[in-house]
file model21.csv (CSV, C-alpha atoms)
chain,number,residue,atom,x,y,z
N,1,MET,CA,-4.9,-1.2,-1.6
N,2,ALA,CA,-5.3,-4.9,-1.8
N,3,HIS,CA,-4.6,-5.6,1.9
N,4,ASP,CA,-8.3,-5.9,2.7
N,5,ASP,CA,-10.2,-9.2,3.1
N,6,GLY,CA,-13.8,-9.9,2.5
N,7,PRO,CA,-15.9,-6.8,1.5
N,8,GLY,CA,-12.8,-4.6,1.2
N,9,ARG,CA,-11.2,-6.9,-1.4
N,10,ARG,CA,-14.5,-7.3,-3.3
N,11,VAL,CA,-15.0,-3.5,-3.5
N,12,LEU,CA,-11.4,-2.7,-4.5
N,13,SER,CA,-11.3,-5.4,-7.1
N,14,GLY,CA,-14.5,-4.2,-8.8
N,15,PRO,CA,-15.5,-0.9,-10.3
N,16,GLY,CA,-14.9,0.8,-6.9
N,17,GLY,CA,-11.2,0.1,-7.3
N,18,ALA,CA,-11.0,2.6,-10.1
N,19,ALA,CA,-13.0,5.1,-8.1
N,20,ALA,CA,-10.6,4.7,-5.2
N,21,ASP,CA,-7.7,5.4,-7.6
N,22,VAL,CA,-9.4,8.6,-8.7
N,23,LEU,CA,-10.1,9.8,-5.2
N,24,ALA,CA,-6.6,9.0,-4.0
N,25,ALA,CA,-5.2,11.2,-6.8
N,26,LEU,CA,-7.3,14.2,-5.8
N,27,PRO,CA,-5.6,17.2,-4.2
N,28,GLY,CA,-5.9,17.2,-0.5
N,29,ALA,CA,-8.5,20.0,-0.3
N,30,ASP,CA,-10.7,18.4,-3.0
N,31,LEU,CA,-10.6,15.0,-1.3
N,32,THR,CA,-11.5,16.5,2.0
N,33,THR,CA,-14.5,18.2,0.4
N,34,VAL,CA,-15.7,14.8,-1.1
N,35,GLN,CA,-15.2,13.0,2.1
N,36,LEU,CA,-17.1,15.6,4.1
N,37,GLU,CA,-20.0,15.5,1.7
N,38,VAL,CA,-20.1,11.7,1.8
N,39,ALA,CA,-20.1,11.8,5.6
N,40,ARG,CA,-22.9,14.4,5.6
N,41,ARG,CA,-25.1,12.4,3.3
N,42,ARG,CA,-24.6,9.2,5.3
N,43,ALA,CA,-25.2,11.0,8.6
N,44,SER,CA,-28.4,12.6,7.1
N,45,ARG,CA,-29.9,9.1,6.8
N,46,LEU,CA,-29.4,8.3,10.5
N,47,ALA,CA,-31.7,9.0,13.4
N,48,GLY,CA,-31.1,9.0,17.2
N,49,PRO,CA,-31.9,5.2,17.6
N,50,ASP,CA,-29.4,4.4,14.8
N,51,VAL,CA,-26.7,6.3,16.6
N,52,LEU,CA,-27.4,4.6,19.9
N,53,ARG,CA,-27.3,1.2,18.4
N,54,ARG,CA,-23.9,1.9,16.9
N,55,HIS,CA,-22.7,3.3,20.3
N,56,ARG,CA,-23.8,0.0,22.0
N,57,ALA,CA,-22.2,-2.3,19.4
N,58,ASP,CA,-19.1,-0.4,18.1
N,59,ARG,CA,-15.8,-1.3,19.9
N,60,PHE,CA,-14.4,2.1,18.8
N,61,THR,CA,-17.0,4.2,20.7
N,62,GLY,CA,-18.0,2.5,24.0
N,63,PRO,CA,-16.5,3.7,27.2
N,64,SER,CA,-13.7,1.8,29.0
N,65,PRO,CA,-14.9,-0.8,31.5
N,66,LEU,CA,-12.1,0.2,33.9
N,67,PRO,CA,-13.0,2.7,36.7
N,68,PHE,CA,-12.1,6.3,35.9
N,69,ALA,CA,-10.4,6.7,39.3
N,70,LEU,CA,-8.2,3.7,38.8
N,71,LEU,CA,-7.0,4.8,35.4
N,72,ARG,CA,-6.4,8.3,36.8
N,73,ARG,CA,-4.4,6.8,39.7
N,74,VAL,CA,-2.1,5.0,37.2
N,75,GLU,CA,-1.7,8.1,35.0
N,76,ASP,CA,-0.7,10.3,37.9
N,77,ALA,CA,1.8,7.7,39.2
N,78,VAL,CA,3.6,7.2,35.8
N,79,LEU,CA,3.6,10.9,35.0
N,80,GLY,CA,4.9,11.7,38.4
N,81,ALA,CA,7.8,9.4,37.7
N,82,ALA,CA,8.9,11.3,34.6
N,83,SER,CA,11.3,13.6,36.3
N,84,GLY,CA,13.4,15.6,33.8
N,85,PHE,CA,10.8,15.2,31.0
N,86,ASP,CA,8.6,18.0,29.8
N,87,LEU,CA,5.0,16.9,30.1
N,88,VAL,CA,2.9,17.8,27.0
N,89,THR,CA,-0.8,17.4,26.1
N,90,LEU,CA,-1.0,16.0,22.6
N,91,ALA,CA,-3.8,16.4,20.1
N,92,PRO,CA,-5.9,13.3,19.5
N,93,LEU,CA,-5.0,13.5,15.8
N,94,VAL,CA,-1.7,13.5,13.9
N,95,PRO,CA,-1.1,14.3,10.2
N,96,LEU,CA,-2.2,11.6,7.7
N,97,GLY,CA,0.6,9.2,7.1
N,98,THR,CA,2.4,9.7,10.4
N,99,HIS,CA,2.1,6.1,11.4
N,100,SER,CA,2.9,4.5,8.0
N,101,ALA,CA,5.4,7.0,6.6
N,102,VAL,CA,7.3,7.7,9.8
N,103,THR,CA,6.9,4.6,12.0
N,104,GLY,CA,6.2,1.9,9.3
N,105,LEU,CA,2.9,0.8,10.9
N,106,ALA,CA,0.5,-0.5,8.3
N,107,GLN,CA,-2.0,2.2,7.4
N,108,HIS,CA,-5.0,0.0,7.8
N,109,ARG,CA,-4.2,-0.3,11.5
N,110,VAL,CA,-5.0,3.4,12.2
N,111,VAL,CA,-8.3,5.3,11.9
N,112,PRO,CA,-8.2,8.0,9.2
N,113,THR,CA,-10.4,11.2,9.4
N,114,GLY,CA,-11.9,13.2,6.6
N,115,ARG,CA,-9.6,16.2,7.0
N,116,GLY,CA,-6.1,14.9,6.1
N,117,THR,CA,-5.4,13.5,9.6
N,118,GLU,CA,-5.6,10.2,11.4
N,119,VAL,CA,-6.4,9.3,15.0
N,120,ALA,CA,-3.4,8.8,17.3
N,121,ALA,CA,-2.4,5.2,17.7
N,122,ASP,CA,0.6,5.7,20.0
N,123,PRO,CA,1.7,8.7,22.0
N,124,THR,CA,5.3,8.3,21.1
N,125,THR,CA,4.5,9.2,17.4
N,126,GLY,CA,3.0,12.5,18.4
N,127,LEU,CA,5.9,13.1,20.8
N,128,ALA,CA,8.3,12.4,18.0
N,129,LEU,CA,6.7,15.0,15.9
N,130,GLU,CA,6.9,17.6,18.6
N,131,ALA,CA,10.4,16.6,19.5
N,132,ALA,CA,11.4,17.1,15.8
N,133,VAL,CA,9.9,20.6,16.0
N,134,ARG,CA,11.8,21.4,19.2
N,135,ARG,CA,15.1,19.9,17.9
N,136,ALA,CA,15.3,22.9,15.5
N,137,ALA,CA,16.4,24.9,18.5
N,138,GLY,CA,19.2,22.4,19.3
N,139,GLY,CA,19.8,20.5,22.5
N,140,VAL,CA,18.4,17.3,23.8
N,141,VAL,CA,14.6,17.1,24.0
N,142,ARG,CA,12.8,15.0,26.6
N,143,LEU,CA,9.0,14.8,26.4
N,144,ALA,CA,6.3,12.6,28.1
N,145,THR,CA,2.6,12.3,28.1
N,146,VAL,CA,-0.5,10.1,28.6
N,147,GLN,CA,-2.8,9.7,25.7
N,148,ARG,CA,-6.0,7.8,24.9
N,149,VAL,CA,-5.3,6.1,21.5
N,150,VAL,CA,-7.2,4.1,19.0
N,151,ARG,CA,-6.0,1.1,16.9
N,152,ALA,CA,-8.0,-0.4,14.1
N,153,GLN,CA,-6.7,-3.9,14.0
N,154,PRO,CA,-9.0,-6.7,15.2
N,155,VAL,CA,-8.9,-7.4,19.0
N,156,PRO,CA,-10.2,-10.4,21.0
N,157,ALA,CA,-13.9,-10.3,22.0
N,158,GLY,CA,-14.5,-8.1,25.0
N,159,LEU,CA,-11.5,-5.8,24.4
N,160,PHE,CA,-11.8,-2.2,23.1
N,161,ALA,CA,-10.0,-0.5,20.3
N,162,HIS,CA,-9.1,2.5,22.5
N,163,PHE,CA,-6.9,2.5,25.6
N,164,SER,CA,-4.5,4.8,27.4
N,165,LEU,CA,-0.7,4.7,27.0
N,166,PHE,CA,2.1,6.6,28.8
N,167,GLY,CA,4.8,7.5,26.4
N,168,ALA,CA,8.2,9.2,26.6
N,169,VAL,CA,10.9,10.2,24.1
N,170,THR,CA,14.4,11.5,24.2
N,171,ALA,CA,15.6,13.2,21.0
N,172,GLY,CA,19.1,14.4,20.3
N,173,ARG,CA,22.0,14.3,17.9
N,174,ASP,CA,24.7,11.6,17.4
N,175,THR,CA,27.7,12.6,19.5
N,176,GLY,CA,29.9,9.7,18.6
N,177,ASP,CA,30.7,6.4,20.2
N,178,ARG,CA,26.9,5.9,20.8
N,179,GLU,CA,27.2,8.2,23.9
N,180,PHE,CA,23.7,9.6,23.3
N,181,GLU,CA,22.2,6.1,23.0
N,182,ARG,CA,23.9,4.9,26.1
N,183,ALA,CA,22.6,7.8,28.2
N,184,ALA,CA,19.1,7.6,26.7
N,185,LEU,CA,18.8,3.9,27.3
N,186,ALA,CA,19.8,4.2,30.9
N,187,GLU,CA,17.4,7.2,31.3
N,188,HIS,CA,14.4,5.3,29.9
N,189,ALA,CA,15.2,2.1,31.8
N,190,ARG,CA,15.1,4.1,35.0
N,191,LEU,CA,11.9,5.8,33.9
N,192,MET,CA,10.1,2.5,33.2
N,193,VAL,CA,11.2,1.1,36.6
N,194,ALA,CA,10.2,4.3,38.5
N,195,GLY,CA,6.7,4.3,36.9
N,196,CYS,CA,6.0,0.7,37.9
N,197,ARG,CA,7.5,1.1,41.3
N,198,ALA,CA,5.3,4.2,41.9
N,199,LEU,CA,2.3,1.9,41.5
N,200,GLY,CA,3.7,-0.7,44.0
N,201,ALA,CA,5.5,-3.1,41.7
N,202,THR,CA,7.6,-5.5,43.7
N,203,ALA,CA,9.9,-6.4,40.8
N,204,VAL,CA,10.6,-4.8,37.4
N,205,SER,CA,12.9,-6.1,34.6
N,206,LEU,CA,13.6,-5.5,30.9
N,207,GLY,CA,13.7,-8.1,28.2
N,208,VAL,CA,16.3,-6.7,25.8
N,209,THR,CA,16.6,-7.5,22.1
N,210,VAL,CA,19.8,-6.4,20.5
N,211,LEU,CA,19.1,-5.7,16.8
N,212,ASP,CA,22.6,-4.5,16.0
N,213,PRO,CA,25.7,-6.0,17.7
N,214,ARG,CA,27.2,-2.5,18.0
N,215,PHE,CA,24.5,-1.8,20.7
N,216,GLU,CA,25.5,-4.7,22.9
N,217,GLY,CA,27.8,-2.6,25.0
N,218,LEU,CA,25.0,-0.1,25.9
N,219,LEU,CA,23.6,-2.5,28.5
N,220,THR,CA,26.5,-1.8,30.9
N,221,ALA,CA,24.9,1.6,31.6
N,222,VAL,CA,21.5,0.1,32.6
N,223,GLU,CA,21.1,-0.1,36.3
N,224,VAL,CA,18.0,-2.3,36.3
N,225,PRO,CA,17.6,-6.0,35.9
N,226,VAL,CA,17.8,-7.1,32.3
N,227,HIS,CA,17.6,-10.4,30.5
N,228,PRO,CA,18.2,-11.3,26.8
N,229,PHE,CA,15.1,-11.6,24.6
N,230,PRO,CA,16.8,-12.7,21.3
N,231,ASP,CA,13.7,-14.3,19.8
N,232,ARG,CA,11.5,-11.2,19.8
N,233,GLU,CA,10.2,-10.9,16.2
N,234,GLY,CA,8.0,-7.8,16.7
N,235,GLY,CA,11.0,-5.5,17.1
N,236,ARG,CA,12.7,-6.7,13.9
N,237,GLY,CA,10.3,-5.3,11.3
N,238,GLY,CA,11.9,-1.9,11.0
N,239,TYR,CA,9.9,-0.3,13.8
N,240,TYR,CA,12.9,-0.3,16.1
N,241,GLU,CA,16.6,-0.1,15.3
N,242,GLY,CA,19.7,-1.0,17.3
N,243,LEU,CA,18.1,-2.2,20.4
N,244,CYS,CA,14.6,-2.6,21.9
N,245,PHE,CA,13.1,-4.0,25.0
N,246,LYS,CA,9.9,-5.1,26.7
N,247,VAL,CA,9.0,-4.1,30.3
N,248,TYR,CA,7.9,-6.7,32.8
N,249,ALA,CA,6.5,-5.9,36.3
N,250,SER,CA,5.2,-8.0,39.2
N,251,PHE,CA,2.6,-6.8,41.7
N,252,GLY,CA,3.0,-9.7,44.0
N,253,GLY,CA,2.7,-12.4,41.4
N,254,GLU,CA,4.6,-13.4,38.2
N,255,LEU,CA,6.4,-10.9,36.0
N,256,LEU,CA,4.0,-9.7,33.3
N,257,GLU,CA,4.5,-7.5,30.2
N,258,VAL,CA,3.4,-3.9,30.8
N,259,GLY,CA,5.4,-1.8,28.3
N,260,ASP,CA,8.2,-1.6,25.8
N,261,GLY,CA,10.7,0.8,24.1
N,262,GLY,CA,13.6,1.1,21.9
N,263,PHE,CA,15.5,3.3,19.4
N,264,THR,CA,13.7,4.5,16.3
N,265,PRO,CA,14.6,6.4,13.1
N,266,TRP,CA,11.6,8.6,13.3
N,267,THR,CA,13.2,12.1,13.9
N,268,ARG,CA,15.9,11.2,11.4
N,269,ARG,CA,13.1,10.6,8.8
N,270,LEU,CA,11.1,13.7,9.9
N,271,LEU,CA,14.1,16.1,9.8
N,272,GLY,CA,16.0,14.4,6.9
N,273,ASN,CA,19.2,14.4,9.0
N,274,ALA,CA,21.2,11.2,9.5
N,275,LYS,CA,22.6,12.5,12.7
N,276,GLU,CA,19.3,12.6,14.5
N,277,ARG,CA,18.7,10.0,17.3
N,278,LEU,CA,15.5,9.1,19.1
N,279,MET,CA,14.7,6.9,22.1
N,280,THR,CA,11.1,5.9,22.9
N,281,SER,CA,9.4,4.0,25.7
N,282,GLY,CA,5.9,3.4,27.0
N,283,LEU,CA,3.7,1.8,29.5
N,284,GLY,CA,0.2,0.5,29.2
N,285,VAL,CA,-2.0,2.5,31.5
N,286,ASP,CA,-5.0,0.1,31.2
N,287,ARG,CA,-2.7,-2.9,31.4
N,288,LEU,CA,-1.2,-1.7,34.7
N,289,ALA,CA,-4.6,-0.8,36.1
N,290,THR,CA,-5.8,-4.4,35.6
N,291,LEU,CA,-2.7,-5.7,37.5
N,292,LEU,CA,-3.0,-3.6,40.6
N,293,PRO,CA,-4.2,-5.3,43.8
N,294,ALA,CA,-7.8,-4.5,44.6
call {"tool": "encode", "arguments": {"input": "model21.csv", "output": "C-alpha cells"}}
result
Amino acid sequence: MAHDDGPGRRVLSGPGGAAADVLAALPGADLTTVQLEVARRRASRLAGPDVLRRHRADRFTGPSPLPFALLRRVEDAVLGAASGFDLVTLAPLVPLGTHSAVTGLAQHRVVPTGRGTEVAADPTTGLALEAAVRRAAGGVVRLATVQRVVRAQPVPAGLFAHFSLFGAVTAGRDTGDREFERAALAEHARLMVAGCRALGATAVSLGVTVLDPRFEGLLTAVEVPVHPFPDREGGRGGYYEGLCFKVYASFGGELLEVGDGGFTPWTRRLLGNAKERLMTSGLGVDRLATLLPA
C-alpha cells in the first residue's frame, strides 16, 4: 500500500493505514457494502454546482476534444481491417485484479469501483478474459474490438485519462516448434498494417524487440517491414514474453508510433495451463485520429 506519494502516503502511514488493513481483509460483499455507503454519504453532501465544477476540472470525466465523426471514421477503418477476427462488444468493467494479477500492471494505474470491479484500461485484457472462456471449447480464438478505456496514471497537461483503443487477440495452444506463435505473429502484423493502410497510411513498419532468442526465427514469417528495437525497456517488465513490437505509421510525414503488440502469458495464468498461448496487438484510435490529414 505504500506506493502513494503525498496525501496517500500520509494517510496510509497514520491511523488510516490500520483502517485500510481492516477494510482490505473484509469479505467481498461486506467491503462492497461499506464502499457503497461511503459513496452515498459523500454524494449526499454534493449539490448540482459541485458536480458541474468537478465535470469541468476532472480529467477523468470531460469529453474528448476530438470530433466524434473523426474517431468513428478511425474505428470503422480498423475494425473493417480485422478480417477473420470475431468482433465483440466488451463491458466497460473487468473483475478487480484483472490488470494487476493477470497482466502485471500496477494496481494504482487503474480505476477501481465499489463493486469488486475495475474500469477497463486496455481492450486486450477484456479480450483475453473472453478468449479464455471460449478456449474451453477448443480451437484457436480470434477476437477484436474498440473500447474507450481509462488509465489513472498522471498524464501531461491537456491530455485526458480516457481514450479509445483497437485491440485484437489470438488465443490457442502450443502445437510445438512455435508454430502457433509464428502464425499468430504474421497474422497480427498483417492486421496492424491493414488497419493503418485503411486510413491512408503511406508506410507502416514494426519495431521488434526479441525478448527470448528462441523467438528470433519467427520474423521470417512476417511479410511487413520490420526493424530491430533491442533497447525497448517497456516490454521487458513481464508484460510481454518472447517477442513484442511497436507499430509505426506515416501519413505523408515521418513514421510515428501508433500501436504495439506481443505475446503474453495471460491465458496461461487465467486457465492454469502451461500450454496456452496468446498474441495481442492494438492501435491507438485517438492517436491515429490526430495524425490523419485534415
call {"tool": "residues_around", "arguments": {"input": "model21.csv", "residues": "region 143-147 of chain N", "least_positions_apart": "5", "cutoff": "7 Å", "atoms": "only C-alpha atoms", "output": "list in words"}}
result
Glu75, Phe85, Asp86, Leu87, Val88, Thr89, Pro123, Leu127, Ser164, Leu165, Phe166, Gly167, Ala168, Val169 and Thr170 of chain N
call {"tool": "closest_residue", "arguments": {"input": "model21.csv", "among": "N:Leu211, N:Leu52, N:Cys244, N:Val204", "to": "Glu257 (chain N)", "atoms": "all atoms listed in the file"}}
result
N:Val204
call {"tool": "residues_around", "arguments": {"input": "model21.csv", "residues": "Met192 (chain N)", "least_positions_apart": "4", "cutoff": "12 Å", "atoms": "all atoms listed in the file", "output": "VMD selection string"}}
result
chain N and resid 77 to 83 144 166 to 169 185 to 188 196 to 199 201 203 to 206 222 to 225 245 to 249 257 to 262 280 to 284
call {"tool": "closest_residue", "arguments": {"input": "model21.csv", "among": "N:Gly253, N:Gln153, N:Val34, N:Arg53", "to": "Pro293 (chain N)", "atoms": "all atoms listed in the file"}}
result
N:Gly253
call {"tool": "residues_around", "arguments": {"input": "model21.csv", "residues": "Arg59 (chain N)", "least_positions_apart": "6", "cutoff": "12 Å", "atoms": "all atoms listed in the file", "output": "number ranges by chain"}}
result
N: 53, 65, 150-163
call {"tool": "atom_distance", "arguments": {"input": "model21.csv", "atom1": "CA of Leu191 (chain N)", "atom2": "CA of Asp286 (chain N)"}}
result
18.0 Å
call {"tool": "atom_distance", "arguments": {"input": "model21.csv", "atom1": "CA of Thr61 (chain N)", "atom2": "CA of Ala24 (chain N)"}}
result
27.2 Å
call {"tool": "atom_distance", "arguments": {"input": "model21.csv", "atom1": "CA of Thr32 (chain N)", "atom2": "CA of Pro63 (chain N)"}}
result
28.7 Å
call {"tool": "closest_atom_pairs", "arguments": {"input": "model21.csv", "of": "region 106-130 of chain N", "to": "region 36-47 of chain N", "cutoff": "10 Å", "atoms": "all atoms listed in the file", "output": "Markdown table"}}
result
| residue | atom | partner | partner_atom | distance |
| --- | --- | --- | --- | --- |
| N:Thr113 | CA | N:Leu36 | CA | 9.6 |
| N:Gly114 | CA | N:Leu36 | CA | 6.2 |
| N:Arg115 | CA | N:Leu36 | CA | 8.1 |
call {"tool": "residues_around", "arguments": {"input": "model21.csv", "residues": "Gly176 (chain N)", "least_positions_apart": "5", "cutoff": "12 Å", "atoms": "only C-alpha atoms", "output": "JSON, numbers by chain"}}
result
{"N": [181, 182, 275, 276, 277]}
call {"tool": "residues_near_point", "arguments": {"input": "model21.csv", "point": "(1.0, 5.9, 11.0)", "cutoff": "12 Å", "atoms": "all atoms listed in the file", "output": "compact mmCIF listing (two decimals) with C-alpha atoms, in the frame of the given file"}}
result
# COMPACT_ATOMS: atom_id res chain seq x y z
CA LEU N 93 -5.00 13.50 15.80
CA VAL N 94 -1.70 13.50 13.90
CA PRO N 95 -1.10 14.30 10.20
CA LEU N 96 -2.20 11.60 7.70
CA GLY N 97 0.60 9.20 7.10
CA THR N 98 2.40 9.70 10.40
CA HIS N 99 2.10 6.10 11.40
CA SER N 100 2.90 4.50 8.00
CA ALA N 101 5.40 7.00 6.60
CA VAL N 102 7.30 7.70 9.80
CA THR N 103 6.90 4.60 12.00
CA GLY N 104 6.20 1.90 9.30
CA LEU N 105 2.90 0.80 10.90
CA ALA N 106 0.50 -0.50 8.30
CA GLN N 107 -2.00 2.20 7.40
CA HIS N 108 -5.00 0.00 7.80
CA ARG N 109 -4.20 -0.30 11.50
CA VAL N 110 -5.00 3.40 12.20
CA VAL N 111 -8.30 5.30 11.90
CA PRO N 112 -8.20 8.00 9.20
CA THR N 117 -5.40 13.50 9.60
CA GLU N 118 -5.60 10.20 11.40
CA VAL N 119 -6.40 9.30 15.00
CA ALA N 120 -3.40 8.80 17.30
CA ALA N 121 -2.40 5.20 17.70
CA ASP N 122 0.60 5.70 20.00
CA PRO N 123 1.70 8.70 22.00
CA THR N 124 5.30 8.30 21.10
CA THR N 125 4.50 9.20 17.40
CA GLY N 126 3.00 12.50 18.40
CA LEU N 129 6.70 15.00 15.90
CA VAL N 150 -7.20 4.10 19.00
CA ARG N 151 -6.00 1.10 16.90
CA ALA N 152 -8.00 -0.40 14.10
CA TYR N 239 9.90 -0.30 13.80
CA TRP N 266 11.60 8.60 13.30
